[in-house]
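A.B. asks: After the structure tokens below, expect a handful of questions from me.
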Amino acid sequence: MKPLNNILVVSLEQAVAAPFCSVRLADAGARVIKVERPEGDFARYYDKDVMGSSAYFVWLNRGKESLAIDIKNKENMNLLKKIILNADVFIQNLAPGATDRVGIGSVEMRKKNRKLITCDISGYGMSGPYKERKAYDLLVQAESGLCSLTGTPDESGRVGVSVCDIACGLNAYSAILQALLVREKTKKGCGIEMSLFDGMAEWMNVPYLQTVYGKKLLKRVGLSHPTIAPYGVFSTSCRTKILISIQNEREWKQLCNIVLKIDGLAENDKFNEPTKRVVNRKELDTIIANEFIKYDKDYIIQNLTNAKIAFGVLNEINDLENHPQLNKIKCLIDEKEIELIAPPRMTINQDIKKNKIPSIGENNEAIKNEFLNMK
């Protein structure tokens, strides 16, 4: 039995952050009713890459039921209120104040359903000077300072996946699980607020502390590391790029003696301490690059493995598809089977069954018949 069996989640959601949270709840066994606009979650239309469906939507909505309604319609709202009053969890990521204006604000719903856990997700929070500002993932990457550390030394860059949305969704999922545990003891629900900005700002603590207390001016270093050397990417003779990371003196000596095989390098006065290696990074990187380029990737990988050096191949997405460590799950779109990258397992024996990606309003009639007949 999955841990969240018999938990009903209603999620008035769109895009990424809230759907990421609710799909995790669905994977854990909760029943998730996804409430969409009549035309559907706008994330359905980001692309048509997966058998005509959006890659974003397919990723985030397996195993859910779709209820497509107009929340400005009185009859539709009566249905939605009835579902929320029978739910365990209510998630929403509309603009701040939108649910209050239509009569389903979190505070009001918790007054009517004492066991209800509500989770309001926003860009910058439900209060504060930025509360009304629209926020999407890249905008929060910029506002939080993440873009200033991402990219090449010459130009800022975007982290290539929706890290702000994902961080927020994971934080919301974690908070909901905690709230469910508390409810077991108190028999009462509670309110949760999560924002994209808060989640990403918290991830920025190391550069924040280094800047505020260490008085450092941090610079973008591409595939290098601002405070560790050698730490970066080097090409082999077959053009495969391999990243290495040296974290301590034992690894440094192993790299010099087993991989590079350069006598005296480990003890060289320019490189025999971590801080010296950072100061002389450019010269050290040139020495390593000149050795790596002499050999193919298999030779370099074998020597790195023998030396117990941390390394990784700079893969493309096509390489990820066939990665030997990659786990996949199967889902259905209009009865056609596709494969997704599997989420991390919560338990060793957890198995996510083959779930369906819902079409717009696929479950409207069944949900109406179920909840409208309730007292």
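Ordering of the structure tokens sets the chain letters (A, B, ...), residue numbers begin anew at 1 in every chain, and ligands are numbered from 1 in the order given.
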Dump as JSON lines the rows for residues of range 40-156 of chain A within 12 Å of range 212-224 of chain A: closest atom pair and distance in Å with one decimal, only C-alpha atoms counted, ordered by chain and rising residue number.
C.D. replies:
{"residue": "A:Gly145", "atom": "CA", "partner": "A:Leu218", "partner_atom": "CA", "distance": 11.1}
{"residue": "A:Leu146", "atom": "CA", "partner": "A:Arg220", "partner_atom": "CA", "distance": 10.3}
{"residue": "A:Cys147", "atom": "CA", "partner": "A:Arg220", "partner_atom": "CA", "distance": 9.2}
{"residue": "A:Ser148", "atom": "CA", "partner": "A:Arg220", "partner_atom": "CA", "distance": 7.0}
{"residue": "A:Leu149", "atom": "CA", "partner": "A:Arg220", "partner_atom": "CA", "distance": 4.9}
{"residue": "A:Thr150", "atom": "CA", "partner": "A:Arg220", "partner_atom": "CA", "distance": 6.1}
{"residue": "A:Gly151", "atom": "CA", "partner": "A:Gly222", "partner_atom": "CA", "distance": 5.5}
{"residue": "A:Thr152", "atom": "CA", "partner": "A:Gly222", "partner_atom": "CA", "distance": 4.6}
{"residue": "A:Pro153", "atom": "CA", "partner": "A:Arg220", "partner_atom": "CA", "distance": 4.9}
{"residue": "A:Asp154", "atom": "CA", "partner": "A:Arg220", "partner_atom": "CA", "distance": 8.0}
{"residue": "A:Glu155", "atom": "CA", "partner": "A:Arg220", "partner_atom": "CA", "distance": 8.2}
{"residue": "A:Ser156", "atom": "CA", "partner": "A:Arg220", "partner_atom": "CA", "distance": 7.7}
A.B. asks: Please identify which residues in range 65-197 of chain A DSSP calls helix (DSSP H, G or I) from the backbone, and express them as a count of residues only.
C.D. replies: 60
A.B. asks: Rounded to one decimal in Å, what is the spacing between CA of Leu340 in chain A and CA of Trp59 in chain A?
C.D. replies: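 Computing the Euclidean distance for CA of Leu340 in chain A and CA of Trp59 in chain A yields 7.1 Å.
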A.B. asks: Val140 in chain A: which residues within 7 Å, counting only C-alpha atoms, same-chain residues fewer than 5 positions away excluded, as a list in words?
C.D. replies: Ala135, Cys164, Leu196 and Phe197 of chain A
A.B. asks: I want to know what sits within 12 Å of Val102 in chain A, based on only C-alpha atoms, with residues of the same chain fewer than 6 positions away left out; could you give that as a PDB file with C-alpha atoms, in the first residue's frame?
C.D. replies:
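Everything below was put into around_25.pdb:
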ATOM      1  CA  ASP A  70     -14.813  28.028 -15.158  1.00  0.00           C
ATOM      2  CA  ILE A  71     -14.278  29.275 -11.596  1.00  0.00           C
ATOM      3  CA  LYS A  72     -16.357  32.361 -12.380  1.00  0.00           C
ATOM      4  CA  ASN A  73     -19.374  30.144 -13.061  1.00  0.00           C
ATOM      5  CA  LYS A  74     -21.608  29.767  -9.975  1.00  0.00           C
ATOM      6  CA  ASN A  76     -18.913  25.200 -11.245  1.00  0.00           C
ATOM      7  CA  MET A  77     -17.882  26.950  -8.047  1.00  0.00           C
ATOM      8  CA  ASN A  78     -20.492  25.097  -6.006  1.00  0.00           C
ATOM      9  CA  LEU A  80     -15.421  22.964  -6.509  1.00  0.00           C
ATOM     10  CA  LYS A  81     -16.339  24.099  -2.999  1.00  0.00           C
ATOM     11  CA  LEU A  94      -3.192  31.373  -9.096  1.00  0.00           C
ATOM     12  CA  GLU A 108     -12.192  30.477   4.482  1.00  0.00           C
ATOM     13  CA  MET A 109     -11.913  26.867   3.306  1.00  0.00           C
TER      14      MET A 109
END
A.B. asks: Point out the residue among A:Val161, A:Arg239, A:Asn290, A:Asn5 with the least atom-to-atom distance to Asn315 in chain A, counting only C-alpha atoms.
C.D. replies: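 So, comparing all the options, the nearest one is A:Arg239.
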